[in-house]
Structure formats: C-alpha cells, structure tokens
file run_24.txt (compact mmCIF, C-alpha atoms and all ligand atoms)
# COMPACT_ATOMS: atom_id res chain seq x y z
CA GLU A 1 86.68 95.30 85.06
CA GLN A 2 85.63 98.90 84.81
CA GLY A 3 86.63 100.10 88.23
CA ALA A 4 85.52 99.33 91.75
CA GLN A 5 82.60 101.75 91.96
CA ARG A 6 79.92 99.27 91.00
CA TYR A 7 81.09 96.90 93.73
CA VAL A 8 80.89 99.53 96.48
CA PRO A 9 77.58 99.11 98.34
CA ASP A 10 75.42 102.23 98.32
CA GLY A 11 75.13 103.76 101.76
CA ALA A 12 77.36 101.19 103.45
CA ALA A 13 77.03 101.54 107.22
CA SER A 14 80.31 99.98 108.32
CA ILE A 15 83.85 99.17 107.29
CA GLY A 16 82.95 95.51 107.72
CA GLU A 17 80.27 95.84 105.09
CA LEU A 18 82.75 97.46 102.71
CA ARG A 19 85.34 94.78 103.41
CA GLU A 20 82.88 92.02 102.62
CA ALA A 21 81.92 93.64 99.32
CA ALA A 22 85.54 94.31 98.40
CA ALA A 23 86.33 90.62 98.77
CA GLY A 24 84.39 90.07 95.53
CA CYS A 25 85.72 93.09 93.65
CA ARG A 26 86.66 92.59 90.02
CA GLY A 27 87.05 96.24 89.23
CA CYS A 28 90.40 95.69 87.53
CA HIS A 29 92.51 92.73 86.44
CA LEU A 30 94.56 92.59 89.66
CA TYR A 31 92.13 90.26 91.45
CA ARG A 32 93.05 87.44 89.05
CA ASP A 33 96.57 86.60 90.21
CA ALA A 34 96.37 87.77 93.80
CA THR A 35 95.26 85.54 96.67
CA GLN A 36 92.64 87.86 98.14
CA THR A 37 91.53 91.44 98.59
CA VAL A 38 93.46 93.13 101.38
CA PHE A 39 91.11 95.73 102.83
CA GLY A 40 91.94 98.42 105.36
CA ALA A 41 91.92 97.59 109.06
CA GLY A 42 91.49 99.49 112.28
CA PRO A 43 88.86 100.92 114.58
CA ALA A 44 85.80 102.75 113.23
CA HIS A 45 86.58 105.69 115.52
CA ALA A 46 90.14 106.08 114.18
CA ARG A 47 91.09 109.74 113.87
CA VAL A 48 94.14 109.09 111.73
CA VAL A 49 94.32 106.97 108.57
CA LEU A 50 97.67 105.69 107.32
CA ILE A 51 97.61 105.04 103.58
CA GLY A 52 100.15 102.85 101.78
CA GLU A 53 100.42 101.77 98.17
CA GLN A 54 99.18 98.20 97.86
CA PRO A 55 99.56 94.98 99.82
CA GLY A 56 102.85 93.12 99.56
CA ASP A 57 103.54 89.40 99.43
CA VAL A 58 102.91 88.75 103.13
CA GLU A 59 99.78 90.90 103.18
CA ASP A 60 98.43 89.02 100.15
CA ARG A 61 98.77 85.71 101.97
CA ARG A 62 97.46 86.92 105.31
CA GLY A 63 94.72 89.24 104.09
CA ALA A 64 95.67 92.21 106.27
CA PRO A 65 97.50 95.46 105.47
CA PHE A 66 101.04 96.21 106.65
CA VAL A 67 101.74 92.93 108.42
CA GLY A 68 105.01 92.12 106.60
CA PRO A 69 108.47 93.68 107.01
CA ALA A 70 107.34 97.19 106.02
CA GLY A 71 104.45 96.86 108.44
CA LYS A 72 106.74 95.91 111.31
CA LEU A 73 108.86 98.96 110.65
CA LEU A 74 105.75 101.12 110.42
CA ASP A 75 104.45 99.80 113.76
CA ARG A 76 107.70 100.73 115.41
CA ALA A 77 107.78 104.21 113.86
CA VAL A 78 104.15 104.89 114.73
CA GLU A 79 104.70 103.91 118.33
CA GLN A 80 107.87 105.94 118.58
CA ALA A 81 106.03 108.96 117.19
CA GLY A 82 103.64 108.67 120.13
CA LEU A 83 100.64 107.50 118.18
CA ASP A 84 98.25 105.15 119.87
CA ARG A 85 97.75 102.26 117.47
CA ALA A 86 94.17 102.04 118.69
CA ASP A 87 93.64 105.46 117.09
CA ALA A 88 94.90 104.46 113.65
CA TYR A 89 93.26 102.85 110.64
CA VAL A 90 95.67 101.40 108.09
CA THR A 91 94.89 100.90 104.42
CA ASN A 92 96.23 101.04 100.85
CA VAL A 93 95.36 102.85 97.63
CA VAL A 94 95.18 99.54 95.72
CA LYS A 95 93.65 96.53 97.47
CA HIS A 96 95.21 93.66 95.51
CA PHE A 97 98.88 92.64 95.37
CA LYS A 98 100.48 93.28 91.98
CA PHE A 99 103.52 91.16 91.24
CA LYS A 100 105.64 89.45 88.67
CA SER A 101 106.76 85.88 89.28
CA THR A 102 110.45 85.04 88.91
CA ASP A 103 111.44 82.63 86.15
CA THR A 104 111.42 79.69 88.53
CA GLY A 105 108.06 80.83 89.85
CA LYS A 106 109.42 80.73 93.38
CA ARG A 107 109.37 84.41 94.23
CA ARG A 108 106.82 87.09 93.63
CA ILE A 109 108.30 90.49 92.88
CA HIS A 110 106.27 93.55 93.82
CA GLN A 111 105.27 95.83 90.94
CA ASN A 112 104.05 99.39 91.29
CA PRO A 113 100.40 99.88 90.44
CA ASN A 114 99.85 102.06 87.39
CA ARG A 115 97.53 105.02 87.09
CA ALA A 116 94.64 102.96 85.68
CA GLU A 117 94.82 100.46 88.55
CA MET A 118 94.94 103.25 91.11
CA THR A 119 91.95 104.96 89.53
CA ALA A 120 90.04 101.68 89.37
CA CYS A 121 90.55 101.01 93.08
CA MET A 122 90.08 104.54 94.47
CA PRO A 123 86.32 104.15 95.15
CA TRP A 124 87.25 101.80 98.03
CA LEU A 125 89.55 104.34 99.65
CA ALA A 126 86.94 107.05 99.12
CA ALA A 127 84.31 104.85 100.78
CA GLU A 128 86.63 104.14 103.72
CA LEU A 129 87.36 107.83 104.24
CA HIS A 130 83.69 108.70 103.90
CA LEU A 131 82.78 106.34 106.74
CA LEU A 132 85.74 107.08 108.98
CA ARG A 133 85.88 110.85 108.55
CA PRO A 134 89.37 111.01 110.04
CA ARG A 135 91.07 114.16 111.25
CA VAL A 136 94.43 113.33 109.70
CA LEU A 137 95.45 111.41 106.58
CA VAL A 138 99.02 110.17 106.37
CA ALA A 139 100.21 109.42 102.83
CA LEU A 140 102.97 106.82 103.08
CA GLY A 141 104.96 107.36 99.89
CA GLY A 142 104.29 108.74 96.44
CA THR A 143 101.46 106.48 95.33
CA ALA A 144 99.26 107.44 98.27
CA LEU A 145 100.16 111.10 97.94
CA LYS A 146 99.31 111.15 94.22
CA ALA A 147 96.05 109.37 94.92
CA LEU A 148 95.09 112.06 97.42
CA LEU A 149 96.53 115.19 95.80
CA GLY A 150 96.96 114.49 92.10
CA PRO A 151 99.63 113.05 89.80
CA SER A 152 102.08 115.93 90.07
CA ALA A 153 102.43 115.76 93.87
CA THR A 154 105.76 114.50 95.19
CA VAL A 155 106.77 113.38 98.66
CA SER A 156 109.95 115.44 98.57
CA GLY A 157 107.92 118.54 97.76
CA ALA A 158 105.12 117.95 100.23
CA ARG A 159 106.51 116.13 103.25
CA GLY A 160 107.08 117.55 106.67
CA VAL A 161 104.15 119.95 106.84
CA LEU A 162 100.57 119.34 107.73
CA MET A 163 98.26 120.75 105.06
CA PRO A 164 94.52 120.98 104.69
CA TRP A 165 93.42 118.16 102.43
CA PRO A 166 91.58 119.55 99.38
CA GLY A 167 89.84 116.23 98.76
CA ALA A 168 86.53 117.57 97.50
CA ALA A 169 88.22 120.22 95.39
CA TYR A 170 90.60 117.71 93.84
CA GLN A 171 88.10 114.96 92.96
CA PRO A 172 84.52 115.97 93.81
CA GLU A 173 83.05 112.81 92.31
CA LEU A 174 85.07 110.72 94.77
CA PHE A 175 85.47 112.88 97.82
CA ALA A 176 82.36 115.06 97.67
CA ALA A 177 81.53 115.33 101.33
CA ASP A 178 84.95 114.85 102.86
CA GLY A 179 86.47 118.19 103.61
CA ALA A 180 87.93 118.66 107.01
CA ALA A 181 90.93 116.33 107.14
CA GLN A 182 94.54 117.42 107.35
CA LEU A 183 97.09 115.68 105.16
CA LEU A 184 100.63 114.70 106.01
CA ALA A 185 102.99 113.28 103.39
CA THR A 186 105.93 111.11 104.32
CA ILE A 187 108.08 108.35 102.88
CA HIS A 188 106.97 104.76 102.51
CA PRO A 189 108.34 102.38 105.16
CA SER A 190 109.64 100.14 102.35
CA ALA A 191 111.89 103.01 101.25
CA VAL A 192 113.50 102.89 104.69
CA LEU A 193 114.09 99.14 104.35
CA ARG A 194 115.74 99.60 100.94
CA ALA A 195 117.90 102.58 101.90
CA VAL A 196 121.62 102.48 102.56
CA ASP A 197 121.14 105.25 105.08
CA ARG A 198 118.37 103.45 106.94
CA ASP A 199 118.70 105.19 110.27
CA ALA A 200 118.41 108.68 108.81
CA LEU A 201 115.37 107.79 106.74
CA TYR A 202 113.75 106.08 109.70
CA GLU A 203 114.26 109.15 111.89
CA GLY A 204 112.73 111.28 109.14
CA LEU A 205 109.68 109.03 109.02
CA VAL A 206 109.24 109.25 112.79
CA ALA A 207 109.66 113.04 112.73
CA ASP A 208 106.96 113.35 110.06
CA LEU A 209 104.61 111.06 111.98
CA ARG A 210 105.07 113.24 115.06
CA LEU A 211 103.46 116.10 113.12
CA ALA A 212 100.42 113.94 112.52
CA VAL A 213 100.27 113.10 116.20
CA ALA A 214 100.50 116.78 117.15
CA ALA A 215 97.50 117.51 114.94
CA LEU A 216 95.39 115.05 116.93
CA ARG A 217 95.89 116.84 120.21
N1 LIG B 301 103.36 98.12 101.52
C1 LIG B 301 102.21 98.82 101.38
O1 LIG B 301 102.15 99.87 100.76
N2 LIG B 301 101.12 98.33 101.96
C2 LIG B 301 101.11 97.20 102.66
O2 LIG B 301 100.05 96.84 103.15
C3 LIG B 301 102.32 96.48 102.78
C4 LIG B 301 103.43 96.96 102.20
FE1 LIG B 302 89.01 95.75 92.78
FE2 LIG B 302 91.03 97.24 93.62
FE3 LIG B 302 91.30 94.61 93.49
FE4 LIG B 302 91.24 96.04 91.27
S1 LIG B 302 92.82 96.14 92.88
S2 LIG B 302 90.09 94.12 91.66
S3 LIG B 302 89.75 97.62 91.80
S4 LIG B 302 89.91 95.72 94.85
call {"tool": "encode", "arguments": {"input": "run_24.txt", "output": "structure tokens", "more": "lines below"}}
Ligand code: URA
Ligand code: SF4
result
Amino acid sequence: EQGAQRYVPDGAASIGELREAAAGCRGCHLYRDATQTVFGAGPAHARVVLIGEQPGDVEDRRGAPFVGPAGKLLDRAVEQAGLDRADAYVTNVVKHFKFKSTDTGKRRIHQNPNRAEMTACMPWLAAELHLLRPRVLVALGGTALKALLGPSATVSGARGVLMPWPGAAYQPELFAADGAAQLLATIHPSAVLRAVDRDALYEGLVADLRLAVAALR
C-alpha cells in the first residue's frame, strides 16, 4: 500500500488498459472496504476532462463515475453549458469510495479523502491525463483543485477564470510531459445539492462550465 504508481502499467496504450490495471490496485487502504475501483469514463478523444473527488455510494456499487445524484446534476449542468457529453471524460482524484458505516450498518456516509490517499491515487489521474492530453481540465470542487494546483489552492480564489495549467511545473514527477491544458475551477455538484440556495449555486456552476466550453471553440 505504497501508492498506485507500481500498479500503473508502463507505456499503457489505452484508457481501457489503465482501467483494467486499476481494478487490482492496492496502492492505499481504501480498496479494502469499497466494492470496486471506479475508474474514469469517456471517449479517448475527449478534449475536456471533468475531475471530481472520489466515487460516492452509487458509483461504488455501479463501478462508474458520477452516476448518482451528483452525477445527474452534473449531466444537466454540462448540457446546459453547451458541452457535448461526447466530448467529455469524467473521472475522480481518488478511485475508491471512502466511507464510514452508520451504527446500524445500514448507511454508508461519505468521508473526504485525506492528503495521503490523494497522493497515493494521483498516478492514475496522471496516467489518464497523459493518454488523453485534453485541452481543458475542469476541477469540480476543492479536492480536485488541490490535486491539480497544490494544497493552498481554493475554489473561491480560483473559480470563474480559465488559467493555464502549470501541471509540469507543479509536480514534474507526475505531470512531466503534460503542459498545454487550460484549467477551470468550479464548485462540486454535491455542494449544489447540499446548499440552501441551490438555484444560485447551480447557475454559478453552469456559468463556470460555459467558460470551459468557450475554450474548446
Ligand atoms: N462525487 C464525486 O466527486 N465523484 C463521483 O464520481 C460521484 C460523486
Ligand atoms: Fe489504489 Fe486509488 Fe484505490 Fe487507493 S484509492 S487502492 S490508490 S485506486
């Protein structure tokens, strides 16, 4: 359990190859309680990559990213922003669901991944980005933004503008050859679901996503 790197196949030629290898990852302790690895999904030619935090309860059961309530909201926002879903690859910083069971064991409560778990899992995201070479990265929420920019980055400080992604400068050992992408930070769709002021947050998410769409033209 010393990180995902030794599970990432050298010179992988496809996302499918990565996904297969990730299914057996034991790079950190999170594989033990989760049902399965939830790898990224989307077309190999995707020009935009949407990055969340980690799979939730529904994703853990179904084995696909953003297919639960947050995913439904994200689908709607993406479409409303004018993004062709066929152009988007969707993934997470951490590939296993982290949770705490309730006392009765009936419900599984999402827990935020910590820094060590994020670091352990990052080689998978790096390998995905290396193969996809997208034009635009969308960080959905603070975990994704910190993974891409560093621990002091905040969504409130970074959202709403498209910036050049300094991937190679930030972590050369992970992102050596990946330079040209633009980065857009926005809120996590789950934050919209939790908010009192849902409509306003939702409109903000759509407005941010429109900037990503504009960068693809
Ligand atoms: N939240 C995430 O960050 N990712 C998912 O895949 C689902 C919910
Ligand atoms: Fe591997 Fe990531 Fe799962 Fe940890 S969370 S076991 S590093 S795939």
call {"tool": "residues_near_ligand", "arguments": {"input": "run_24.txt", "ligand": "ligand LIG 302 (chain B)", "cutoff": "10 Å", "atoms": "only C-alpha atoms and all ligand atoms", "output": "mmCIF file with C-alpha atoms, keeping the file's coordinate frame"}}
result
data_model
loop_
_atom_site.group_PDB
_atom_site.id
_atom_site.type_symbol
_atom_site.label_atom_id
_atom_site.label_comp_id
_atom_site.auth_asym_id
_atom_site.auth_seq_id
_atom_site.Cartn_x
_atom_site.Cartn_y
_atom_site.Cartn_z
ATOM 1 C CA GLU A 1 86.680 95.300 85.060
ATOM 2 C CA GLN A 2 85.630 98.900 84.810
ATOM 3 C CA GLY A 3 86.630 100.100 88.230
ATOM 4 C CA ALA A 4 85.520 99.330 91.750
ATOM 5 C CA GLN A 5 82.600 101.750 91.960
ATOM 6 C CA ARG A 6 79.920 99.270 91.000
ATOM 7 C CA TYR A 7 81.090 96.900 93.730
ATOM 8 C CA VAL A 8 80.890 99.530 96.480
ATOM 9 C CA ARG A 19 85.340 94.780 103.410
ATOM 10 C CA ALA A 21 81.920 93.640 99.320
ATOM 11 C CA ALA A 22 85.540 94.310 98.400
ATOM 12 C CA ALA A 23 86.330 90.620 98.770
ATOM 13 C CA GLY A 24 84.390 90.070 95.530
ATOM 14 C CA CYS A 25 85.720 93.090 93.650
ATOM 15 C CA ARG A 26 86.660 92.590 90.020
ATOM 16 C CA GLY A 27 87.050 96.240 89.230
ATOM 17 C CA CYS A 28 90.400 95.690 87.530
ATOM 18 C CA HIS A 29 92.510 92.730 86.440
ATOM 19 C CA LEU A 30 94.560 92.590 89.660
ATOM 20 C CA TYR A 31 92.130 90.260 91.450
ATOM 21 C CA ARG A 32 93.050 87.440 89.050
ATOM 22 C CA ALA A 34 96.370 87.770 93.800
ATOM 23 C CA GLN A 36 92.640 87.860 98.140
ATOM 24 C CA THR A 37 91.530 91.440 98.590
ATOM 25 C CA VAL A 38 93.460 93.130 101.380
ATOM 26 C CA PHE A 39 91.110 95.730 102.830
ATOM 27 C CA GLN A 54 99.180 98.200 97.860
ATOM 28 C CA PRO A 55 99.560 94.980 99.820
ATOM 29 C CA ASN A 92 96.230 101.040 100.850
ATOM 30 C CA VAL A 93 95.360 102.850 97.630
ATOM 31 C CA VAL A 94 95.180 99.540 95.720
ATOM 32 C CA LYS A 95 93.650 96.530 97.470
ATOM 33 C CA HIS A 96 95.210 93.660 95.510
ATOM 34 C CA PHE A 97 98.880 92.640 95.370
ATOM 35 C CA LYS A 98 100.480 93.280 91.980
ATOM 36 C CA PRO A 113 100.400 99.880 90.440
ATOM 37 C CA ALA A 116 94.640 102.960 85.680
ATOM 38 C CA GLU A 117 94.820 100.460 88.550
ATOM 39 C CA MET A 118 94.940 103.250 91.110
ATOM 40 C CA THR A 119 91.950 104.960 89.530
ATOM 41 C CA ALA A 120 90.040 101.680 89.370
ATOM 42 C CA CYS A 121 90.550 101.010 93.080
ATOM 43 C CA MET A 122 90.080 104.540 94.470
ATOM 44 C CA PRO A 123 86.320 104.150 95.150
ATOM 45 C CA TRP A 124 87.250 101.800 98.030
ATOM 46 C CA LEU A 125 89.550 104.340 99.650
#
call {"tool": "residues_near_ligand", "arguments": {"input": "run_24.txt", "ligand": "ligand LIG 301 (chain B)", "cutoff": "8 Å", "atoms": "all atoms listed in the file", "output": "ChimeraX atom specification"}}
result
/A:38,51-59,64-71,91-92,140,188-190
call {"tool": "closest_residue", "arguments": {"input": "run_24.txt", "among": "A:Val196, A:Ala127, A:Leu74, A:Ala181", "to": "Val48 in chain A", "atoms": "all atoms listed in the file"}}
result
A:Ala181
call {"tool": "atom_distance", "arguments": {"input": "run_24.txt", "atom1": "CA of Ile187 in chain A", "atom2": "CA of Ile109 in chain A"}}
result
20.5 Å
call {"tool": "atom_distance", "arguments": {"input": "run_24.txt", "atom1": "CA of Gln111 in chain A", "atom2": "CA of Ala88 in chain A"}}
result
26.4 Å
